[in-house]
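**Student:** My structure file target00.cif, mmCIF, C-alpha atoms, pLDDT in the B column; chains and numbers go by the auth columns, is below:
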data_query
#
loop_
_atom_site.group_PDB
_atom_site.id
_atom_site.type_symbol
_atom_site.label_atom_id
_atom_site.label_comp_id
_atom_site.label_asym_id
_atom_site.label_seq_id
_atom_site.Cartn_x
_atom_site.Cartn_y
_atom_site.Cartn_z
_atom_site.B_iso_or_equiv
_atom_site.auth_seq_id
_atom_site.auth_asym_id
ATOM 1 C CA MET A 1 -3.174 49.405 -22.711 41.00 1 A
ATOM 2 C CA GLY A 2 0.215 47.822 -23.448 44.00 2 A
ATOM 3 C CA ALA A 3 -0.465 45.004 -20.983 43.00 3 A
ATOM 4 C CA ILE A 4 -3.654 44.129 -22.825 43.00 4 A
ATOM 5 C CA LEU A 5 -1.780 43.933 -26.113 39.00 5 A
ATOM 6 C CA ILE A 6 0.915 41.765 -24.569 38.00 6 A
ATOM 7 C CA ALA A 7 -1.677 39.485 -22.964 39.00 7 A
ATOM 8 C CA GLY A 8 -3.500 39.267 -26.309 43.00 8 A
ATOM 9 C CA ALA A 9 -0.273 38.384 -28.105 43.00 9 A
ATOM 10 C CA ALA A 10 0.553 35.735 -25.490 40.00 10 A
ATOM 11 C CA ALA A 11 -2.908 34.224 -25.801 45.00 11 A
ATOM 12 C CA ALA A 12 -2.564 34.124 -29.590 49.00 12 A
ATOM 13 C CA ALA A 13 0.825 32.410 -29.243 58.00 13 A
ATOM 14 C CA ASP A 14 -0.806 29.748 -27.048 79.00 14 A
ATOM 15 C CA ASP A 15 -3.641 29.186 -29.543 92.00 15 A
ATOM 16 C CA PRO A 16 -2.503 27.222 -32.590 96.00 16 A
ATOM 17 C CA LEU A 17 -5.757 28.191 -34.347 97.00 17 A
ATOM 18 C CA ALA A 18 -5.523 31.955 -33.735 96.00 18 A
ATOM 19 C CA ALA A 19 -3.923 32.751 -37.100 96.00 19 A
ATOM 20 C CA HIS A 20 -6.937 31.271 -38.895 97.00 20 A
ATOM 21 C CA ARG A 21 -9.658 33.127 -36.989 96.00 21 A
ATOM 22 C CA TRP A 22 -12.005 35.019 -39.349 95.00 22 A
ATOM 23 C CA LYS A 23 -9.885 33.871 -42.315 96.00 23 A
ATOM 24 C CA ALA A 24 -10.424 30.125 -42.617 96.00 24 A
ATOM 25 C CA ARG A 25 -12.364 27.197 -41.297 96.00 25 A
ATOM 26 C CA VAL A 26 -10.083 24.540 -39.865 98.00 26 A
ATOM 27 C CA VAL A 27 -10.524 20.785 -40.033 98.00 27 A
ATOM 28 C CA VAL A 28 -8.429 19.237 -37.276 98.00 28 A
ATOM 29 C CA ILE A 29 -7.620 15.555 -37.519 98.00 29 A
ATOM 30 C CA ALA A 30 -6.357 14.071 -34.256 97.00 30 A
ATOM 31 C CA ALA A 31 -4.904 10.571 -34.183 97.00 31 A
ATOM 32 C CA PRO A 32 -2.753 8.533 -31.798 96.00 32 A
ATOM 33 C CA ALA A 33 -0.174 7.661 -34.482 97.00 33 A
ATOM 34 C CA ALA A 34 0.744 8.451 -38.082 96.00 34 A
ATOM 35 C CA ASP A 35 -0.094 4.918 -39.188 97.00 35 A
ATOM 36 C CA ASP A 36 -3.660 5.015 -37.817 97.00 36 A
ATOM 37 C CA PRO A 37 -5.877 3.731 -40.677 98.00 37 A
ATOM 38 C CA ARG A 38 -8.575 6.297 -39.834 98.00 38 A
ATOM 39 C CA LEU A 39 -6.038 9.102 -40.246 98.00 39 A
ATOM 40 C CA VAL A 40 -4.887 7.679 -43.578 98.00 40 A
ATOM 41 C CA ARG A 41 -8.486 7.406 -44.775 98.00 41 A
ATOM 42 C CA GLN A 42 -9.372 10.954 -43.681 98.00 42 A
ATOM 43 C CA ARG A 43 -6.296 12.379 -45.391 98.00 43 A
ATOM 44 C CA THR A 44 -7.164 10.537 -48.611 98.00 44 A
ATOM 45 C CA ASP A 45 -10.802 11.624 -48.504 98.00 45 A
ATOM 46 C CA LEU A 46 -9.877 15.280 -48.012 98.00 46 A
ATOM 47 C CA ALA A 47 -7.135 15.195 -50.646 97.00 47 A
ATOM 48 C CA SER A 48 -9.719 14.034 -53.180 98.00 48 A
ATOM 49 C CA VAL A 49 -11.764 17.232 -52.698 98.00 49 A
ATOM 50 C CA ALA A 50 -9.032 19.871 -52.697 97.00 50 A
ATOM 51 C CA ASN A 51 -11.114 22.278 -54.793 97.00 51 A
ATOM 52 C CA GLY A 52 -14.041 22.009 -52.370 97.00 52 A
ATOM 53 C CA LEU A 53 -11.703 22.721 -49.454 97.00 53 A
ATOM 54 C CA ARG A 54 -10.334 25.841 -51.160 97.00 54 A
ATOM 55 C CA GLU A 55 -13.810 27.031 -52.140 95.00 55 A
ATOM 56 C CA ARG A 56 -14.919 26.832 -48.480 96.00 56 A
ATOM 57 C CA ASP A 57 -11.727 28.399 -47.054 96.00 57 A
ATOM 58 C CA ILE A 58 -10.758 25.193 -45.243 97.00 58 A
ATOM 59 C CA THR A 59 -7.324 24.614 -43.760 97.00 59 A
ATOM 60 C CA VAL A 60 -6.465 21.112 -42.538 98.00 60 A
ATOM 61 C CA MET A 61 -4.361 20.697 -39.407 97.00 61 A
ATOM 62 C CA GLU A 62 -3.295 17.511 -37.653 97.00 62 A
ATOM 63 C CA ALA A 63 -2.625 16.570 -34.036 96.00 63 A
ATOM 64 C CA VAL A 64 -0.872 13.240 -34.530 96.00 64 A
ATOM 65 C CA GLY A 65 1.079 11.430 -31.862 95.00 65 A
ATOM 66 C CA ASP A 66 2.252 13.048 -28.649 92.00 66 A
ATOM 67 C CA GLY A 67 4.541 15.835 -29.855 93.00 67 A
ATOM 68 C CA VAL A 68 4.452 19.379 -28.476 94.00 68 A
ATOM 69 C CA GLU A 69 2.374 20.826 -31.328 94.00 69 A
ATOM 70 C CA ALA A 70 -0.090 17.926 -31.228 95.00 70 A
ATOM 71 C CA ARG A 71 -0.507 18.417 -27.464 94.00 71 A
ATOM 72 C CA ARG A 72 -1.028 22.191 -27.901 95.00 72 A
ATOM 73 C CA LEU A 73 -3.697 21.654 -30.544 96.00 73 A
ATOM 74 C CA ARG A 74 -5.431 18.977 -28.457 95.00 74 A
ATOM 75 C CA ALA A 75 -5.346 21.251 -25.389 94.00 75 A
ATOM 76 C CA ARG A 76 -6.859 24.137 -27.375 95.00 76 A
ATOM 77 C CA LEU A 77 -9.712 21.868 -28.474 95.00 77 A
ATOM 78 C CA GLY A 78 -10.206 20.118 -25.131 94.00 78 A
ATOM 79 C CA LEU A 79 -9.108 16.710 -26.409 93.00 79 A
ATOM 80 C CA GLU A 80 -7.551 14.924 -23.454 80.00 80 A
ATOM 81 C CA GLU A 81 -6.308 11.641 -24.830 83.00 81 A
ATOM 82 C CA PRO A 82 -4.696 11.065 -28.227 82.00 82 A
ATOM 83 C CA ALA A 83 -7.780 9.306 -29.630 92.00 83 A
ATOM 84 C CA PHE A 84 -8.976 9.710 -33.215 97.00 84 A
ATOM 85 C CA ARG A 85 -11.153 12.771 -33.769 97.00 85 A
ATOM 86 C CA VAL A 86 -12.150 15.004 -36.660 98.00 86 A
ATOM 87 C CA LEU A 87 -13.231 18.502 -35.661 98.00 87 A
ATOM 88 C CA LEU A 88 -14.517 21.355 -37.758 98.00 88 A
ATOM 89 C CA VAL A 89 -13.616 24.745 -36.327 97.00 89 A
ATOM 90 C CA GLY A 90 -15.520 27.697 -37.749 96.00 90 A
ATOM 91 C CA LYS A 91 -14.021 31.008 -38.752 96.00 91 A
ATOM 92 C CA ASP A 92 -15.098 32.321 -35.344 95.00 92 A
ATOM 93 C CA GLY A 93 -12.797 29.780 -33.632 95.00 93 A
ATOM 94 C CA THR A 94 -15.504 27.555 -32.164 95.00 94 A
ATOM 95 C CA VAL A 95 -15.996 23.848 -32.810 97.00 95 A
ATOM 96 C CA LYS A 96 -18.913 23.325 -35.189 97.00 96 A
ATOM 97 C CA ARG A 97 -18.692 19.570 -35.599 97.00 97 A
ATOM 98 C CA ALA A 98 -16.846 16.739 -33.840 97.00 98 A
ATOM 99 C CA ASP A 99 -16.647 13.139 -35.058 97.00 99 A
ATOM 100 C CA GLU A 100 -14.965 10.058 -33.609 97.00 100 A
ATOM 101 C CA ARG A 101 -14.495 8.417 -37.015 97.00 101 A
ATOM 102 C CA PRO A 102 -13.560 9.715 -40.459 98.00 102 A
ATOM 103 C CA VAL A 103 -16.138 12.091 -41.855 98.00 103 A
ATOM 104 C CA SER A 104 -17.057 12.073 -45.527 98.00 104 A
ATOM 105 C CA PRO A 105 -16.330 15.221 -47.512 98.00 105 A
ATOM 106 C CA ASP A 106 -20.043 15.397 -48.423 97.00 106 A
ATOM 107 C CA ALA A 107 -21.062 15.441 -44.745 98.00 107 A
ATOM 108 C CA LEU A 108 -18.375 17.984 -43.920 97.00 108 A
ATOM 109 C CA PHE A 109 -19.395 20.249 -46.800 97.00 109 A
ATOM 110 C CA ALA A 110 -23.095 19.932 -45.900 96.00 110 A
ATOM 111 C CA THR A 111 -22.328 21.123 -42.361 97.00 111 A
ATOM 112 C CA ILE A 112 -20.366 24.097 -43.672 96.00 112 A
ATOM 113 C CA ASP A 113 -22.813 24.978 -46.441 93.00 113 A
ATOM 114 C CA ALA A 114 -25.648 25.178 -43.882 93.00 114 A
ATOM 115 C CA MET A 115 -23.802 27.826 -41.828 89.00 115 A
ATOM 116 C CA PRO A 116 -25.084 31.402 -42.154 80.00 116 A
ATOM 117 C CA MET A 117 -21.610 32.787 -42.897 78.00 117 A
ATOM 118 C CA ARG A 118 -21.100 30.249 -45.702 83.00 118 A
ATOM 119 C CA ARG A 119 -24.535 30.993 -47.182 78.00 119 A
ATOM 120 C CA ASP A 120 -23.539 34.680 -47.275 78.00 120 A
ATOM 121 C CA GLU A 121 -20.258 33.754 -48.975 81.00 121 A
ATOM 122 C CA MET A 122 -22.090 31.723 -51.628 76.00 122 A
ATOM 123 C CA GLN A 123 -24.393 34.640 -52.432 79.00 123 A
ATOM 124 C CA ARG A 124 -21.458 36.962 -53.150 77.00 124 A
#
Represent the structure contained in this file as structure tokens.
**Tutor:**
Amino acid sequence: MGAILIAGAAAAADDPLAAHRWKARVVVIAAPAADDPRLVRQRTDLASVANGLRERDITVMEAVGDGVEARRLRARLGLEEPAFRVLLVGKDGTVKRADERPVSPDALFATIDAMPMRRDEMQR
């Protein structure tokens, strides 16, 4: 039994999204560099809807450049090259939406609000 717990802990340490599972949805923004105009635009768009992000339990993470943490996050999500991507990861840890260009907050929220778990949350 101890080996299973250790293996589970090791797997969680390798998964940069593990701490958010069943607690938050994660929007991951991947970009080749910090000065990428698509990254800047996506950051600005999301910053303008902070209340909507909180209401939907959304955490924003970034995989920018080629640092260790960016590589770990890209590996977890199956992103091979440091291209621009915006991914929505559900509370269950699976990718629910993937875009190759900035996604509008309205489109992001529409995707989330259509999910069964979110509809249950809104009814409470």
**Student:** So that I can check the surroundings of Phe109 of chain A, please list as a list in words every protein, DNA and RNA residue that reaches within 12 Å of it, counting only C-alpha atoms and ignoring chain neighbours fewer than 2 positions away.
**Tutor:**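 Selected residues are Arg25, Val27, Leu46, Val49, Ala50, Asn51, Gly52, Leu53, Arg54, Glu55, Arg56, Asp57, Ile58, Leu88, Arg97, Val103, Ser104, Pro105, Asp106, Ala107, Thr111, Ile112, Asp113, Ala114, Met115, Arg118 and Arg119 of chain A.
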**Student:** Write the selection just made, keeping C-alpha atoms, as a compact mmCIF listing (two decimals), keeping the file's coordinate frame?
**Tutor:**
# COMPACT_ATOMS: atom_id res chain seq x y z
CA ARG A 25 -12.36 27.20 -41.30
CA VAL A 27 -10.52 20.78 -40.03
CA LEU A 46 -9.88 15.28 -48.01
CA VAL A 49 -11.76 17.23 -52.70
CA ALA A 50 -9.03 19.87 -52.70
CA ASN A 51 -11.11 22.28 -54.79
CA GLY A 52 -14.04 22.01 -52.37
CA LEU A 53 -11.70 22.72 -49.45
CA ARG A 54 -10.33 25.84 -51.16
CA GLU A 55 -13.81 27.03 -52.14
CA ARG A 56 -14.92 26.83 -48.48
CA ASP A 57 -11.73 28.40 -47.05
CA ILE A 58 -10.76 25.19 -45.24
CA LEU A 88 -14.52 21.36 -37.76
CA ARG A 97 -18.69 19.57 -35.60
CA VAL A 103 -16.14 12.09 -41.86
CA SER A 104 -17.06 12.07 -45.53
CA PRO A 105 -16.33 15.22 -47.51
CA ASP A 106 -20.04 15.40 -48.42
CA ALA A 107 -21.06 15.44 -44.74
CA THR A 111 -22.33 21.12 -42.36
CA ILE A 112 -20.37 24.10 -43.67
CA ASP A 113 -22.81 24.98 -46.44
CA ALA A 114 -25.65 25.18 -43.88
CA MET A 115 -23.80 27.83 -41.83
CA ARG A 118 -21.10 30.25 -45.70
CA ARG A 119 -24.54 30.99 -47.18
**Student:** I would like the residues chosen by the PyMOL selection byres ((chain A and resi 81) around 10) on the shown file; could you give them as a PDB file with C-alpha atoms, keeping the file's coordinate frame?
**Tutor:**
ATOM      1  CA  ALA A  30      -6.357  14.071 -34.256  1.00 97.00           C
ATOM      2  CA  ALA A  31      -4.904  10.571 -34.183  1.00 97.00           C
ATOM      3  CA  PRO A  32      -2.753   8.533 -31.798  1.00 96.00           C
ATOM      4  CA  ASP A  66       2.252  13.048 -28.649  1.00 92.00           C
ATOM      5  CA  ARG A  71      -0.507  18.417 -27.464  1.00 94.00           C
ATOM      6  CA  ARG A  74      -5.431  18.977 -28.457  1.00 95.00           C
ATOM      7  CA  ALA A  75      -5.346  21.251 -25.389  1.00 94.00           C
ATOM      8  CA  GLY A  78     -10.206  20.118 -25.131  1.00 94.00           C
ATOM      9  CA  LEU A  79      -9.108  16.710 -26.409  1.00 93.00           C
ATOM     10  CA  GLU A  80      -7.551  14.924 -23.454  1.00 80.00           C
ATOM     11  CA  PRO A  82      -4.696  11.065 -28.227  1.00 82.00           C
ATOM     12  CA  ALA A  83      -7.780   9.306 -29.630  1.00 92.00           C
ATOM     13  CA  PHE A  84      -8.976   9.710 -33.215  1.00 97.00           C
TER      14      PHE A  84
END
**Student:** Would you mind telling me which residue in A:Val86, A:Met117, A:Leu73, A:Leu108 lies nearest to Trp22 of chain A when using all atoms listed in the file?
**Tutor:** A:Met117
**Student:** What separation in Å, quoted to one decimal, exists between atom CA of Ala18 of chain A and atom CA of Ser48 of chain A?
**Tutor:**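 Between atom CA of Ala18 of chain A and atom CA of Ser48 of chain A the gap works out to 26.8 Å.
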**Student:** What is the atom CA of Ala70 of chain A-atom CA of Asp99 of chain A distance in Å, reported with one decimal?
**Tutor:**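 Interatomic distance, atom CA of Ala70 of chain A to atom CA of Asp99 of chain A: 17.7 Å.
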**Student:** What does the PyMOL selection byres ((chain A and resi 93-95) around 9) select in this file, as a list in words?
**Tutor:**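 Residues picked by the PyMOL selection byres ((chain A and resi 93-95) around 9): Leu17, Ala18, His20, Arg21, Trp22, Arg25, Val26, Leu77, Leu87, Leu88, Val89, Gly90, Lys91, Asp92, Lys96, Arg97 and Ala98 of chain A.
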**Student:** Just to confirm, what's the straight-line distance from atom CA of Pro16 of chain A to atom CA of Leu39 of chain A in Å (one decimal)?
**Tutor:**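 So the two atoms, atom CA of Pro16 of chain A and atom CA of Leu39 of chain A, lie 20.0 Å apart.
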**Student:** Starting from 6 Å padding per side, set up an axis-aligned box that covers all listed atoms of segment 18-26 of chain A and hand over centre and edge lengths in Å, one decimal, as AutoDock Vina command-line options.
**Tutor:**
--center_x -8.1 --center_y 29.8 --center_z -38.2 --size_x 20.4 --size_y 22.5 --size_z 20.9
**Student:** Because the input lacks atoms here, generate N, CA, C and O atoms for segment 21-45 of chain A and report them as a compact mmCIF listing (two decimals), in the frame of the given file.
**Tutor:**
# COMPACT_ATOMS: atom_id res chain seq x y z
N ARG A 21 -8.38 32.54 -37.40
CA ARG A 21 -9.66 33.13 -36.99
C ARG A 21 -10.10 34.21 -37.97
O ARG A 21 -9.34 35.07 -38.34
N TRP A 22 -11.33 34.11 -38.40
CA TRP A 22 -12.00 35.02 -39.35
C TRP A 22 -11.43 34.94 -40.76
O TRP A 22 -11.85 35.68 -41.63
N LYS A 23 -10.48 34.03 -40.99
CA LYS A 23 -9.88 33.87 -42.32
C LYS A 23 -10.21 32.51 -42.93
O LYS A 23 -10.37 32.41 -44.14
N ALA A 24 -10.24 31.48 -42.09
CA ALA A 24 -10.42 30.12 -42.62
C ALA A 24 -11.14 29.25 -41.60
O ALA A 24 -11.06 29.49 -40.40
N ARG A 25 -11.84 28.28 -42.13
CA ARG A 25 -12.36 27.20 -41.30
C ARG A 25 -11.23 26.18 -41.18
O ARG A 25 -10.43 26.05 -42.10
N VAL A 26 -11.17 25.49 -40.07
CA VAL A 26 -10.08 24.54 -39.86
C VAL A 26 -10.68 23.16 -39.58
O VAL A 26 -11.54 23.02 -38.72
N VAL A 27 -10.22 22.17 -40.34
CA VAL A 27 -10.52 20.78 -40.03
C VAL A 27 -9.30 20.24 -39.30
O VAL A 27 -8.19 20.27 -39.84
N VAL A 28 -9.51 19.80 -38.08
CA VAL A 28 -8.43 19.24 -37.28
C VAL A 28 -8.64 17.73 -37.21
O VAL A 28 -9.70 17.26 -36.83
N ILE A 29 -7.60 17.01 -37.61
CA ILE A 29 -7.62 15.56 -37.52
C ILE A 29 -6.65 15.17 -36.40
O ILE A 29 -5.47 15.48 -36.47
N ALA A 30 -7.19 14.53 -35.37
CA ALA A 30 -6.36 14.07 -34.26
C ALA A 30 -6.29 12.55 -34.32
O ALA A 30 -7.30 11.89 -34.56
N ALA A 31 -5.09 12.02 -34.14
CA ALA A 31 -4.90 10.57 -34.18
C ALA A 31 -3.75 10.18 -33.27
O ALA A 31 -2.80 10.96 -33.10
N PRO A 32 -3.82 8.97 -32.70
CA PRO A 32 -2.75 8.53 -31.80
C PRO A 32 -1.40 8.33 -32.49
O PRO A 32 -0.36 8.53 -31.88
N ALA A 33 -1.43 7.95 -33.77
CA ALA A 33 -0.17 7.66 -34.48
C ALA A 33 -0.35 7.91 -35.97
O ALA A 33 -1.46 7.88 -36.51
N ALA A 34 0.76 8.15 -36.65
CA ALA A 34 0.74 8.45 -38.08
C ALA A 34 0.25 7.29 -38.93
O ALA A 34 -0.24 7.50 -40.04
N ASP A 35 0.35 6.08 -38.40
CA ASP A 35 -0.09 4.92 -39.19
C ASP A 35 -1.53 4.50 -38.87
O ASP A 35 -2.00 3.45 -39.34
N ASP A 36 -2.26 5.31 -38.14
CA ASP A 36 -3.66 5.01 -37.82
C ASP A 36 -4.46 4.97 -39.12
O ASP A 36 -4.45 5.93 -39.89
N PRO A 37 -5.14 3.86 -39.41
CA PRO A 37 -5.88 3.73 -40.68
C PRO A 37 -6.98 4.77 -40.85
O PRO A 37 -7.30 5.17 -41.96
N ARG A 38 -7.54 5.25 -39.74
CA ARG A 38 -8.57 6.30 -39.83
C ARG A 38 -7.96 7.61 -40.29
O ARG A 38 -8.56 8.35 -41.08
N LEU A 39 -6.76 7.90 -39.82
CA LEU A 39 -6.04 9.10 -40.25
C LEU A 39 -5.72 9.02 -41.73
O LEU A 39 -5.95 9.98 -42.49
N VAL A 40 -5.22 7.87 -42.16
CA VAL A 40 -4.89 7.68 -43.58
C VAL A 40 -6.13 7.87 -44.44
O VAL A 40 -6.09 8.56 -45.46
N ARG A 41 -7.23 7.28 -44.01
CA ARG A 41 -8.49 7.41 -44.78
C ARG A 41 -8.96 8.86 -44.84
O ARG A 41 -9.36 9.35 -45.89
N GLN A 42 -8.91 9.56 -43.70
CA GLN A 42 -9.37 10.95 -43.68
C GLN A 42 -8.50 11.83 -44.57
O GLN A 42 -9.01 12.68 -45.30
N ARG A 43 -7.20 11.62 -44.51
CA ARG A 43 -6.30 12.38 -45.39
C ARG A 43 -6.64 12.15 -46.86
O ARG A 43 -6.70 13.09 -47.65
N THR A 44 -6.84 10.89 -47.22
CA THR A 44 -7.16 10.54 -48.61
C THR A 44 -8.48 11.16 -49.04
O THR A 44 -8.59 11.74 -50.13
N ASP A 45 -9.50 11.05 -48.18
CA ASP A 45 -10.80 11.62 -48.50
C ASP A 45 -10.71 13.13 -48.73
O ASP A 45 -11.29 13.67 -49.68
